[in-house]
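So this one's input27.cif, mmCIF, C-alpha atoms:
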```
data_target
loop_
_atom_site.label_atom_id
_atom_site.label_comp_id
_atom_site.auth_asym_id
_atom_site.auth_seq_id
_atom_site.Cartn_x
_atom_site.Cartn_y
_atom_site.Cartn_z
CA MET A 21 25.43 18.45 -13.64
CA SER A 22 27.04 20.60 -16.32
CA ALA A 23 25.10 21.93 -19.31
CA MET A 24 27.00 19.56 -21.63
CA VAL A 25 26.00 16.49 -19.61
CA PHE A 26 22.42 17.76 -19.34
CA VAL A 27 22.15 18.10 -23.12
CA ALA A 28 23.87 14.71 -23.65
CA VAL A 29 21.37 12.88 -21.42
CA LEU A 30 18.39 14.60 -23.07
CA LEU A 31 19.80 13.65 -26.48
CA ALA A 32 20.21 10.06 -25.30
CA ALA A 33 16.57 10.01 -24.15
CA LEU A 34 15.39 11.36 -27.51
CA LEU A 35 17.52 8.87 -29.46
CA HIS A 36 16.21 5.98 -27.37
CA ALA A 37 12.59 6.93 -27.96
CA GLY A 38 13.42 7.48 -31.63
CA TRP A 39 14.84 4.02 -32.34
CA ASN A 40 11.93 2.43 -30.47
CA SER A 41 9.54 4.27 -32.78
CA LEU A 42 11.43 2.83 -35.77
CA VAL A 43 10.96 -0.70 -34.43
CA LYS A 44 7.29 -0.08 -33.73
CA SER A 45 6.63 1.46 -37.15
CA GLY A 46 8.18 -1.48 -39.05
CA LEU A 47 5.68 -3.91 -40.58
CA ASP A 48 7.80 -6.88 -39.45
CA LYS A 49 9.00 -6.16 -35.90
CA ARG A 50 11.58 -8.94 -36.10
CA VAL A 51 13.15 -7.32 -39.16
CA SER A 52 13.14 -3.81 -37.69
CA MET A 53 14.53 -4.95 -34.32
CA GLY A 54 17.14 -7.11 -36.04
CA ALA A 55 18.17 -4.19 -38.23
CA VAL A 56 18.64 -1.93 -35.19
CA VAL A 57 20.78 -4.50 -33.35
CA LEU A 58 22.91 -5.37 -36.40
CA GLY A 59 23.31 -1.64 -36.97
CA HIS A 60 25.45 -1.52 -33.82
CA ALA A 61 28.31 -3.37 -35.55
CA PRO A 62 29.78 -0.44 -37.56
CA PHE A 63 29.95 1.60 -34.35
CA ALA A 64 31.06 -1.14 -31.94
CA LEU A 65 34.01 -2.39 -34.01
CA PRO A 66 35.96 0.92 -34.06
CA LEU A 67 35.28 1.38 -30.36
CA ILE A 68 36.73 -2.07 -29.65
CA VAL A 69 39.88 -1.16 -31.59
CA PHE A 70 40.47 2.07 -29.66
CA SER A 71 39.30 0.95 -26.18
CA PRO A 72 41.19 -1.13 -23.62
CA LEU A 73 40.18 -4.75 -23.17
CA PRO A 74 37.77 -5.33 -20.26
CA GLN A 75 39.27 -6.98 -17.18
CA LEU A 76 38.73 -10.74 -16.84
CA GLU A 77 36.59 -10.24 -13.73
CA SER A 78 33.93 -8.59 -15.88
CA LEU A 79 33.52 -11.47 -18.35
CA PRO A 80 30.67 -13.25 -16.49
CA TYR A 81 28.77 -9.96 -16.41
CA LEU A 82 29.53 -9.43 -20.08
CA GLY A 83 28.06 -12.82 -20.99
CA ALA A 84 25.01 -12.30 -18.78
CA GLY A 85 24.50 -8.81 -20.21
CA ILE A 86 24.52 -10.10 -23.78
CA LEU A 87 21.83 -12.66 -22.95
CA LEU A 88 19.72 -10.13 -21.04
CA HIS A 89 19.86 -7.54 -23.84
CA PHE A 90 18.83 -10.22 -26.33
CA GLY A 91 15.89 -11.27 -24.14
CA TYR A 92 14.89 -7.62 -23.78
CA GLN A 93 14.89 -7.20 -27.56
CA LEU A 94 12.78 -10.32 -28.14
CA PHE A 95 10.12 -9.28 -25.64
CA LEU A 96 10.15 -5.66 -26.82
CA MET A 97 9.41 -6.58 -30.41
CA GLN A 98 6.62 -8.91 -29.26
CA SER A 99 5.19 -6.05 -27.19
CA TYR A 100 5.18 -3.75 -30.22
CA ARG A 101 3.39 -6.37 -32.28
CA LEU A 102 0.44 -6.09 -29.91
CA GLY A 103 0.54 -2.61 -28.39
CA ASP A 104 1.01 1.05 -29.26
CA LEU A 105 4.30 2.88 -28.64
CA THR A 106 2.49 5.18 -26.20
CA GLN A 107 1.42 2.18 -24.09
CA VAL A 108 4.36 -0.22 -24.35
CA TYR A 109 7.24 2.24 -23.99
CA PRO A 110 6.12 3.95 -20.74
CA LEU A 111 5.22 0.56 -19.24
CA ALA A 112 8.58 -1.01 -20.06
CA ARG A 113 10.69 1.99 -19.06
CA GLY A 114 8.62 2.94 -16.03
CA SER A 115 8.46 -0.56 -14.56
CA ALA A 116 12.26 -1.03 -14.65
CA PRO A 117 13.10 1.30 -11.70
CA LEU A 118 10.14 -0.13 -9.80
CA ILE A 119 11.49 -3.67 -10.24
CA VAL A 120 14.99 -2.59 -9.20
CA ALA A 121 13.62 -0.94 -6.06
CA LEU A 122 11.52 -3.96 -5.07
CA PHE A 123 14.40 -6.37 -5.78
CA SER A 124 16.75 -4.27 -3.66
CA ALA A 125 14.27 -4.12 -0.77
CA PHE A 126 12.95 -7.69 -0.67
CA VAL A 127 15.88 -9.72 -2.05
CA LEU A 128 19.00 -7.73 -1.20
CA GLY A 129 17.58 -6.41 2.07
CA VAL A 130 18.24 -2.74 1.30
CA PRO A 131 15.98 -0.65 3.55
CA MET A 132 13.39 1.43 1.68
CA LEU A 133 12.91 5.05 2.71
CA LYS A 134 9.41 6.53 3.07
CA LEU A 135 9.93 8.68 -0.03
CA GLU A 136 11.00 5.59 -1.98
CA ALA A 137 7.90 3.72 -0.83
CA LEU A 138 5.74 6.64 -1.99
CA ALA A 139 7.53 6.60 -5.37
CA VAL A 140 6.88 2.85 -5.70
CA LEU A 141 3.17 3.39 -5.07
CA ILE A 142 3.03 6.23 -7.63
CA ILE A 143 4.76 4.11 -10.30
CA ALA A 144 2.46 1.19 -9.51
CA ALA A 145 -0.57 3.44 -9.98
CA GLY A 146 0.77 4.68 -13.31
CA ILE A 147 1.55 1.15 -14.49
CA ILE A 148 -1.89 -0.17 -13.55
CA SER A 149 -3.44 2.73 -15.47
CA LEU A 150 -1.24 2.08 -18.51
CA ALA A 151 -2.11 -1.61 -18.42
CA LEU A 152 -5.76 -0.62 -18.92
CA VAL A 153 -5.01 1.60 -21.93
CA ARG A 154 -6.72 0.46 -25.13
CA ARG A 155 -5.13 0.00 -28.54
CA THR A 156 -5.56 2.38 -31.49
CA ASP A 157 -8.57 0.32 -32.60
CA GLY A 158 -10.22 0.74 -29.19
CA GLN A 159 -9.73 -2.87 -28.06
CA SER A 160 -8.36 -3.72 -24.61
CA ASN A 161 -4.76 -4.92 -24.67
CA PRO A 162 -3.68 -6.86 -21.54
CA ASN A 163 -1.24 -9.10 -23.44
CA ALA A 164 0.82 -6.13 -24.63
CA ALA A 165 0.85 -4.80 -21.06
CA TRP A 166 2.19 -8.08 -19.64
CA LEU A 167 4.86 -8.35 -22.33
CA ALA A 168 5.90 -4.74 -21.67
CA LEU A 169 6.23 -5.51 -17.94
CA VAL A 170 8.45 -8.52 -18.72
CA THR A 171 10.48 -6.23 -20.96
CA GLY A 172 10.85 -3.88 -18.00
CA GLY A 173 12.17 -6.81 -15.98
CA PHE A 174 14.89 -7.38 -18.56
CA ILE A 175 15.73 -3.65 -18.52
CA ALA A 176 16.10 -3.76 -14.73
CA ALA A 177 18.27 -6.89 -14.89
CA TYR A 178 20.65 -5.71 -17.60
CA SER A 179 20.95 -2.29 -15.96
CA LEU A 180 22.22 -3.92 -12.75
CA VAL A 181 24.48 -6.38 -14.58
CA ASP A 182 25.90 -3.75 -16.97
CA GLY A 183 26.58 -1.33 -14.13
CA LEU A 184 28.53 -3.91 -12.14
CA GLY A 185 30.29 -5.24 -15.22
CA ALA A 186 31.39 -1.82 -16.46
CA ARG A 187 32.92 -1.03 -13.06
CA LEU A 188 34.83 -4.33 -12.98
CA ALA A 189 35.90 -3.97 -16.62
CA GLY A 190 37.87 -0.80 -15.97
CA THR A 191 36.59 0.61 -19.27
CA ALA A 192 32.91 1.46 -19.57
CA LEU A 193 32.99 2.09 -23.32
CA GLY A 194 35.14 -0.98 -23.98
CA PHE A 195 32.72 -3.12 -21.99
CA TYR A 196 29.77 -1.68 -23.91
CA ALA A 197 31.50 -2.21 -27.27
CA TRP A 198 32.07 -5.92 -26.60
CA LEU A 199 28.55 -6.20 -25.20
CA SER A 200 27.13 -4.71 -28.40
CA LEU A 201 29.22 -6.97 -30.61
CA GLY A 202 28.15 -10.06 -28.66
CA ASN A 203 24.55 -8.95 -29.00
CA VAL A 204 25.06 -8.54 -32.77
CA VAL A 205 26.40 -12.11 -33.06
CA LEU A 206 23.49 -13.52 -31.05
CA MET A 207 20.89 -11.60 -33.08
CA LEU A 208 22.59 -12.67 -36.32
CA ALA A 209 22.34 -16.33 -35.30
CA TYR A 210 18.68 -15.86 -34.39
CA LEU A 211 17.82 -14.19 -37.70
CA TRP A 212 19.81 -16.79 -39.66
CA HIS A 213 17.59 -19.59 -38.34
CA ALA A 214 14.34 -17.59 -38.34
CA PRO A 215 11.89 -18.21 -41.20
CA GLY A 216 10.77 -15.49 -43.58
CA GLY A 217 14.08 -14.21 -44.95
CA ALA A 218 14.62 -11.54 -42.30
CA LEU A 219 18.31 -11.13 -43.15
CA ARG A 220 17.52 -10.55 -46.81
CA GLN A 221 15.06 -7.82 -45.87
CA ILE A 222 17.61 -6.15 -43.59
CA ALA A 223 20.17 -6.21 -46.38
CA GLY A 224 17.53 -4.81 -48.74
CA PRO A 225 14.74 -2.37 -47.91
CA ALA A 226 15.33 -2.32 -44.12
CA TRP A 227 18.97 -1.17 -44.26
CA ARG A 228 17.96 2.40 -43.42
CA ILE A 229 16.47 1.21 -40.11
CA GLY A 230 19.78 -0.49 -39.34
CA LEU A 231 21.79 2.61 -40.19
CA PHE A 232 19.70 5.20 -38.35
CA GLY A 233 18.12 3.01 -35.67
CA GLY A 234 21.36 1.17 -34.89
CA GLY A 235 23.29 4.42 -34.72
CA ALA A 236 20.67 6.02 -32.47
CA SER A 237 20.53 2.98 -30.16
CA PHE A 238 24.31 2.71 -29.88
CA ALA A 239 24.80 6.44 -29.33
CA ALA A 240 22.02 6.65 -26.75
CA TYR A 241 23.55 4.06 -24.43
CA ALA A 242 27.10 5.31 -25.02
CA LEU A 243 26.03 8.83 -24.03
CA VAL A 244 24.43 7.51 -20.84
CA ILE A 245 27.53 5.50 -19.90
CA TRP A 246 29.70 8.59 -20.49
CA SER A 247 27.32 10.74 -18.45
CA PHE A 248 27.60 8.31 -15.52
CA THR A 249 31.28 9.27 -15.32
CA GLN A 250 30.54 13.01 -15.39
CA ALA A 251 27.58 13.45 -13.02
CA PRO A 252 25.80 11.63 -10.17
CA ILE A 253 24.16 8.45 -11.44
CA ALA A 254 20.86 9.32 -9.73
CA LEU A 255 20.64 12.60 -11.63
CA VAL A 256 21.52 10.99 -14.95
CA THR A 257 19.02 8.16 -14.61
CA ALA A 258 16.26 10.50 -13.46
CA LEU A 259 16.79 12.83 -16.42
CA ARG A 260 16.96 9.84 -18.77
CA GLU A 261 13.36 8.97 -17.89
CA THR A 262 12.32 11.94 -20.04
CA SER A 263 12.47 9.40 -22.88
CA ILE A 264 8.93 8.46 -21.78
CA VAL A 265 7.79 11.99 -22.70
CA PHE A 266 9.63 11.87 -26.03
CA ALA A 267 7.99 8.52 -26.83
CA LEU A 268 4.58 9.98 -26.03
CA LEU A 269 5.19 12.96 -28.34
CA ILE A 270 6.54 10.77 -31.17
CA GLY A 271 3.65 8.34 -30.81
CA VAL A 272 1.01 11.05 -30.93
CA PHE A 273 2.42 13.58 -33.42
CA VAL A 274 4.50 11.35 -35.74
CA MET A 275 2.79 7.93 -35.57
CA LYS A 276 -0.70 9.44 -35.08
CA GLU A 277 -1.58 7.22 -32.13
CA PRO A 278 -4.60 8.46 -30.17
CA LEU A 279 -4.03 10.42 -26.98
CA ASP A 280 -6.68 10.55 -24.33
CA LEU A 281 -6.60 12.03 -20.82
CA ARG A 282 -6.20 8.60 -19.17
CA LYS A 283 -3.10 7.74 -21.22
CA LEU A 284 -1.58 11.17 -20.59
CA LEU A 285 -2.19 11.04 -16.84
CA ALA A 286 -0.92 7.43 -16.60
CA THR A 287 2.28 8.31 -18.47
CA MET A 288 2.95 11.44 -16.40
CA THR A 289 2.24 9.53 -13.17
CA THR A 290 4.74 6.82 -14.13
CA LEU A 291 7.33 9.46 -15.05
CA LEU A 292 6.78 11.32 -11.76
CA GLY A 293 7.20 8.14 -9.74
CA ALA A 294 10.36 7.15 -11.62
CA ALA A 295 11.91 10.59 -11.09
CA LEU A 296 10.93 10.63 -7.41
CA LEU A 297 12.46 7.18 -6.90
CA ARG A 298 15.76 8.32 -8.41
CA PHE A 299 15.94 11.42 -6.17
CA ALA A 300 14.80 9.64 -2.98
CA ARG A 301 18.32 8.98 -1.67
#
```
What does this structure look like when you write it as structure tokens?
Amino acid sequence: MSAMVFVAVLLAALLHAGWNSLVKSGLDKRVSMGAVVLGHAPFALPLIVFSPLPQLESLPYLGAGILLHFGYQLFLMQSYRLGDLTQVYPLARGSAPLIVALFSAFVLGVPMLKLEALAVLIIAAGIISLALVRRTDGQSNPNAAWLALVTGGFIAAYSLVDGLGARLAGTALGFYAWLSLGNVVLMLAYLWHAPGGALRQIAGPAWRIGLFGGGASFAAYALVIWSFTQAPIALVTALRETSIVFALLIGVFVMKEPLDLRKLLATMTTLLGAALLRFAR
């Protein structure tokens, strides 16, 4: 991995943790999440113009990816309504590689190496510990933990679908641009029918979240897709898990969420297991 790719992946991890903190810090999570998704449009449209059209074989994956990203966003904003960034983010991100590994082993029949099995156990230990983490007010928070785990399931699903779709499309960035635009249309329809005037708030005081959060979200995934073409996927995905550390730092030092030894150890355990799982093969 070259120094340029290394810096690009670290930047993507920081941007991903950053836009998640914007969603979490918003008073209305639906408005802040909607603003981030709609903020993709100014970046996706030029990319569509200058990128080749995806191949027809990738269209089913494109449609499935749009639905999975939308489901991920719905469950993520529900998770942030109930839980802290420093609990929800590591749970959602850390559970995704665990789910992929278990799906590959028990559904696809891919044999699991001993090192992979050890990584699965380490992630499971970290996730169980994170599920027991209490909220800022000291109350237990199992509902946020379950929602974060479901969110991780969506991350695992769209990662598999997007990876296959981008390969079939013949243009990774073109595939992602159409995926983003489809996600924008779906979120726009959802916000249009949602009560509370979410669209008016996005057009008004929440436009900054759309500009900065949408740009950060779009750039983060675009950088990762580009990095996949420049370095081994295992190395890129392992380094990308550093977003868990960035989320912990943002949650503690920017959002002033409490940090205790149990939360720190649970987060580091999940990160260790995720990294070990990526390097196992």
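Note that atom CA of Ile175 of chain A and atom CA of Leu118 of chain A are 10.9 Å apart.
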List, as a CSV table (one decimal) with C-alpha atoms, in the frame of the given file, every residue that the PyMOL selection byres ((chain A and resi 27-32) around 8) selects in the file provided.
```csv
chain,number,residue,atom,x,y,z
A,23,ALA,CA,25.1,21.9,-19.3
A,24,MET,CA,27.0,19.6,-21.6
A,25,VAL,CA,26.0,16.5,-19.6
A,26,PHE,CA,22.4,17.8,-19.3
A,33,ALA,CA,16.6,10.0,-24.2
A,34,LEU,CA,15.4,11.4,-27.5
A,35,LEU,CA,17.5,8.9,-29.5
A,36,HIS,CA,16.2,6.0,-27.4
A,239,ALA,CA,24.8,6.4,-29.3
A,240,ALA,CA,22.0,6.6,-26.8
A,241,TYR,CA,23.6,4.1,-24.4
A,243,LEU,CA,26.0,8.8,-24.0
A,244,VAL,CA,24.4,7.5,-20.8
A,247,SER,CA,27.3,10.7,-18.4
A,256,VAL,CA,21.5,11.0,-15.0
A,259,LEU,CA,16.8,12.8,-16.4
A,260,ARG,CA,17.0,9.8,-18.8
A,262,THR,CA,12.3,11.9,-20.0
A,263,SER,CA,12.5,9.4,-22.9
```
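Residue neighbourhood of Leu105 of chain A, excluding near-sequence residues (fewer than 5 positions): Ser41, Lys44, Tyr100, Ala267 and Gly271 of chain A, at 7 Å, using only C-alpha atoms.
Counting only C-alpha atoms, the residue from A:Val170, A:Ala64, A:Ala116, A:Leu150 that sits nearest to Glu261 of chain A is A:Ala116.
Atom to atom, atom CA of Thr191 of chain A and atom CA of Thr257 of chain A stand 19.7 Å apart.
Between Gly230 of chain A and the candidates A:Gly293, A:Pro80, A:Gly54, A:Gly38, the tightest atom-to-atom separation, counting only C-alpha atoms, involves A:Gly54.
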Can you list what the PyMOL selection byres ((chain A and resi 146) around 10) grabs from this structure, as an mmCIF file with C-alpha atoms, in the coordinates of the input?
```cif
data_model
loop_
_atom_site.group_PDB
_atom_site.id
_atom_site.type_symbol
_atom_site.label_atom_id
_atom_site.label_comp_id
_atom_site.auth_asym_id
_atom_site.auth_seq_id
_atom_site.Cartn_x
_atom_site.Cartn_y
_atom_site.Cartn_z
ATOM 1 C CA PRO A 110 6.120 3.950 -20.740
ATOM 2 C CA LEU A 111 5.220 0.560 -19.240
ATOM 3 C CA GLY A 114 8.620 2.940 -16.030
ATOM 4 C CA SER A 115 8.460 -0.560 -14.560
ATOM 5 C CA VAL A 140 6.880 2.850 -5.700
ATOM 6 C CA LEU A 141 3.170 3.390 -5.070
ATOM 7 C CA ILE A 142 3.030 6.230 -7.630
ATOM 8 C CA ILE A 143 4.760 4.110 -10.300
ATOM 9 C CA ALA A 144 2.460 1.190 -9.510
ATOM 10 C CA ALA A 145 -0.570 3.440 -9.980
ATOM 11 C CA ILE A 147 1.550 1.150 -14.490
ATOM 12 C CA ILE A 148 -1.890 -0.170 -13.550
ATOM 13 C CA SER A 149 -3.440 2.730 -15.470
ATOM 14 C CA LEU A 150 -1.240 2.080 -18.510
ATOM 15 C CA ALA A 151 -2.110 -1.610 -18.420
ATOM 16 C CA ARG A 282 -6.200 8.600 -19.170
ATOM 17 C CA LYS A 283 -3.100 7.740 -21.220
ATOM 18 C CA LEU A 285 -2.190 11.040 -16.840
ATOM 19 C CA ALA A 286 -0.920 7.430 -16.600
ATOM 20 C CA THR A 287 2.280 8.310 -18.470
ATOM 21 C CA MET A 288 2.950 11.440 -16.400
ATOM 22 C CA THR A 289 2.240 9.530 -13.170
ATOM 23 C CA THR A 290 4.740 6.820 -14.130
ATOM 24 C CA LEU A 291 7.330 9.460 -15.050
ATOM 25 C CA LEU A 292 6.780 11.320 -11.760
ATOM 26 C CA GLY A 293 7.200 8.140 -9.740
#
```
Worksheet entry | Expected selection from the PyMOL selection byres ((chain A and resi 97) around 8), given as a ChimeraX atom specification | /A:43-44,49-50,53,93-96,98-101
With C-alpha atoms retained, export the selected residues as a CSV table (one decimal), keeping the file's coordinate frame.
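What follows is the written file result_37.csv:
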```csv
chain,number,residue,atom,x,y,z
A,43,VAL,CA,11.0,-0.7,-34.4
A,44,LYS,CA,7.3,-0.1,-33.7
A,49,LYS,CA,9.0,-6.2,-35.9
A,50,ARG,CA,11.6,-8.9,-36.1
A,53,MET,CA,14.5,-5.0,-34.3
A,93,GLN,CA,14.9,-7.2,-27.6
A,94,LEU,CA,12.8,-10.3,-28.1
A,95,PHE,CA,10.1,-9.3,-25.6
A,96,LEU,CA,10.2,-5.7,-26.8
A,98,GLN,CA,6.6,-8.9,-29.3
A,99,SER,CA,5.2,-6.0,-27.2
A,100,TYR,CA,5.2,-3.8,-30.2
A,101,ARG,CA,3.4,-6.4,-32.3
```
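Taking all atoms listed in the file into account, Ala192 of chain A lies nearest to A:Trp246 out of the set A:Phe70, A:Trp246, A:Trp39, A:Tyr81.
Candidate residues A:Val51, A:Ile86, A:Ala236, A:Ala295 were compared for distance to Gly185 of chain A, and the nearest is A:Ile86, using all atoms listed in the file.
Comparing A:Leu65, A:Ala137, A:Leu58, A:Leu188 by their smallest distance to Leu219 of chain A, the closest is A:Leu58 (using all atoms listed in the file).
The residue set within 10 Å of Thr106 of chain A, counting all atoms listed in the file and dropping same-chain residues fewer than 6 places from it, reads A:Ser41, A:Leu150, A:Val153, A:Arg155, A:Ile264, A:Val265, A:Phe266, A:Ala267, A:Leu268, A:Leu269, A:Ile270, A:Gly271, A:Val272, A:Met275, A:Glu277, A:Pro278, A:Leu279, A:Lys283, A:Leu284, A:Thr287.
Going from atom CA of Ala112 of chain A over to atom CA of Ser179 of chain A, you cover 13.1 Å.
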Discussion item. As an MDAnalysis selection string, please: the residues near Ser71 of chain A (cut-off 7 Å, all atoms listed in the file, same-chain neighbours under 3 positions excluded).
Written reply: chainID A and resid 67:68 194
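Nearest residue to Trp166 of chain A, choosing from A:Leu102, A:Leu42, A:Val57, A:Ala214 and counting all atoms listed in the file: A:Leu102.
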Item to complete: Write out as a ChimeraX atom specification the residues lying within 10 Å of Asn203 of chain A, counting all atoms listed in the file and excluding same-chain residues fewer than 6 positions away.
Response: /A:57-58,60-61,83,85-90,93,197,209
Add whatever atoms are absent from segment 221-242 of chain A to reach N, CA and C atoms, and provide the output as a PDB file, in the frame of the given file.
```
ATOM      1  N   GLN A 221      15.767  -9.089 -45.956  1.00  0.00           N
ATOM      2  CA  GLN A 221      15.060  -7.820 -45.870  1.00  0.00           C
ATOM      3  C   GLN A 221      15.913  -6.734 -45.223  1.00  0.00           C
ATOM      4  N   ILE A 222      16.723  -7.128 -44.232  1.00  0.00           N
ATOM      5  CA  ILE A 222      17.610  -6.150 -43.590  1.00  0.00           C
ATOM      6  C   ILE A 222      18.664  -5.666 -44.568  1.00  0.00           C
ATOM      7  N   ALA A 223      19.185  -6.582 -45.382  1.00  0.00           N
ATOM      8  CA  ALA A 223      20.170  -6.210 -46.380  1.00  0.00           C
ATOM      9  C   ALA A 223      19.545  -5.407 -47.519  1.00  0.00           C
ATOM     10  N   GLY A 224      18.223  -5.510 -47.671  1.00  0.00           N
ATOM     11  CA  GLY A 224      17.530  -4.810 -48.740  1.00  0.00           C
ATOM     12  C   GLY A 224      16.827  -3.565 -48.253  1.00  0.00           C
ATOM     13  N   PRO A 225      15.486  -3.593 -48.220  1.00  0.00           N
ATOM     14  CA  PRO A 225      14.740  -2.370 -47.910  1.00  0.00           C
ATOM     15  C   PRO A 225      14.872  -1.869 -46.470  1.00  0.00           C
ATOM     16  N   ALA A 226      15.282  -2.727 -45.536  1.00  0.00           N
ATOM     17  CA  ALA A 226      15.330  -2.320 -44.120  1.00  0.00           C
ATOM     18  C   ALA A 226      16.695  -1.794 -43.703  1.00  0.00           C
ATOM     19  N   TRP A 227      17.623  -1.591 -44.649  1.00  0.00           N
ATOM     20  CA  TRP A 227      18.970  -1.170 -44.260  1.00  0.00           C
ATOM     21  C   TRP A 227      18.962   0.220 -43.614  1.00  0.00           C
ATOM     22  N   ARG A 228      18.009   1.059 -44.001  1.00  0.00           N
ATOM     23  CA  ARG A 228      17.960   2.400 -43.420  1.00  0.00           C
ATOM     24  C   ARG A 228      17.635   2.337 -41.925  1.00  0.00           C
ATOM     25  N   ILE A 229      16.768   1.381 -41.533  1.00  0.00           N
ATOM     26  CA  ILE A 229      16.470   1.210 -40.110  1.00  0.00           C
ATOM     27  C   ILE A 229      17.728   0.811 -39.356  1.00  0.00           C
ATOM     28  N   GLY A 230      18.530  -0.079 -39.969  1.00  0.00           N
ATOM     29  CA  GLY A 230      19.780  -0.490 -39.340  1.00  0.00           C
ATOM     30  C   GLY A 230      20.754   0.662 -39.190  1.00  0.00           C
ATOM     31  N   LEU A 231      20.847   1.499 -40.218  1.00  0.00           N
ATOM     32  CA  LEU A 231      21.790   2.610 -40.190  1.00  0.00           C
ATOM     33  C   LEU A 231      21.392   3.658 -39.156  1.00  0.00           C
ATOM     34  N   PHE A 232      20.145   4.127 -39.245  1.00  0.00           N
ATOM     35  CA  PHE A 232      19.700   5.200 -38.350  1.00  0.00           C
ATOM     36  C   PHE A 232      19.295   4.673 -36.974  1.00  0.00           C
ATOM     37  N   GLY A 233      18.540   3.562 -36.953  1.00  0.00           N
ATOM     38  CA  GLY A 233      18.120   3.010 -35.670  1.00  0.00           C
ATOM     39  C   GLY A 233      19.284   2.441 -34.884  1.00  0.00           C
ATOM     40  N   GLY A 234      20.189   1.711 -35.572  1.00  0.00           N
ATOM     41  CA  GLY A 234      21.360   1.170 -34.890  1.00  0.00           C
ATOM     42  C   GLY A 234      22.263   2.260 -34.361  1.00  0.00           C
ATOM     43  N   GLY A 235      22.471   3.301 -35.167  1.00  0.00           N
ATOM     44  CA  GLY A 235      23.290   4.420 -34.720  1.00  0.00           C
ATOM     45  C   GLY A 235      22.675   5.140 -33.530  1.00  0.00           C
ATOM     46  N   ALA A 236      21.353   5.341 -33.579  1.00  0.00           N
ATOM     47  CA  ALA A 236      20.670   6.020 -32.470  1.00  0.00           C
ATOM     48  C   ALA A 236      20.724   5.179 -31.204  1.00  0.00           C
ATOM     49  N   SER A 237      20.500   3.878 -31.320  1.00  0.00           N
ATOM     50  CA  SER A 237      20.530   2.980 -30.160  1.00  0.00           C
ATOM     51  C   SER A 237      21.917   2.942 -29.540  1.00  0.00           C
ATOM     52  N   PHE A 238      22.939   2.793 -30.379  1.00  0.00           N
ATOM     53  CA  PHE A 238      24.310   2.710 -29.880  1.00  0.00           C
ATOM     54  C   PHE A 238      24.719   4.021 -29.213  1.00  0.00           C
ATOM     55  N   ALA A 239      24.415   5.132 -29.872  1.00  0.00           N
ATOM     56  CA  ALA A 239      24.800   6.440 -29.330  1.00  0.00           C
ATOM     57  C   ALA A 239      24.073   6.749 -28.038  1.00  0.00           C
ATOM     58  N   ALA A 240      22.802   6.350 -27.945  1.00  0.00           N
ATOM     59  CA  ALA A 240      22.020   6.650 -26.750  1.00  0.00           C
ATOM     60  C   ALA A 240      22.642   6.023 -25.506  1.00  0.00           C
ATOM     61  N   TYR A 241      22.990   4.741 -25.601  1.00  0.00           N
ATOM     62  CA  TYR A 241      23.550   4.060 -24.430  1.00  0.00           C
ATOM     63  C   TYR A 241      24.977   4.518 -24.163  1.00  0.00           C
ATOM     64  N   ALA A 242      25.746   4.807 -25.215  1.00  0.00           N
ATOM     65  CA  ALA A 242      27.100   5.310 -25.020  1.00  0.00           C
ATOM     66  C   ALA A 242      27.086   6.663 -24.315  1.00  0.00           C
TER      67      ALA A 242
END
```
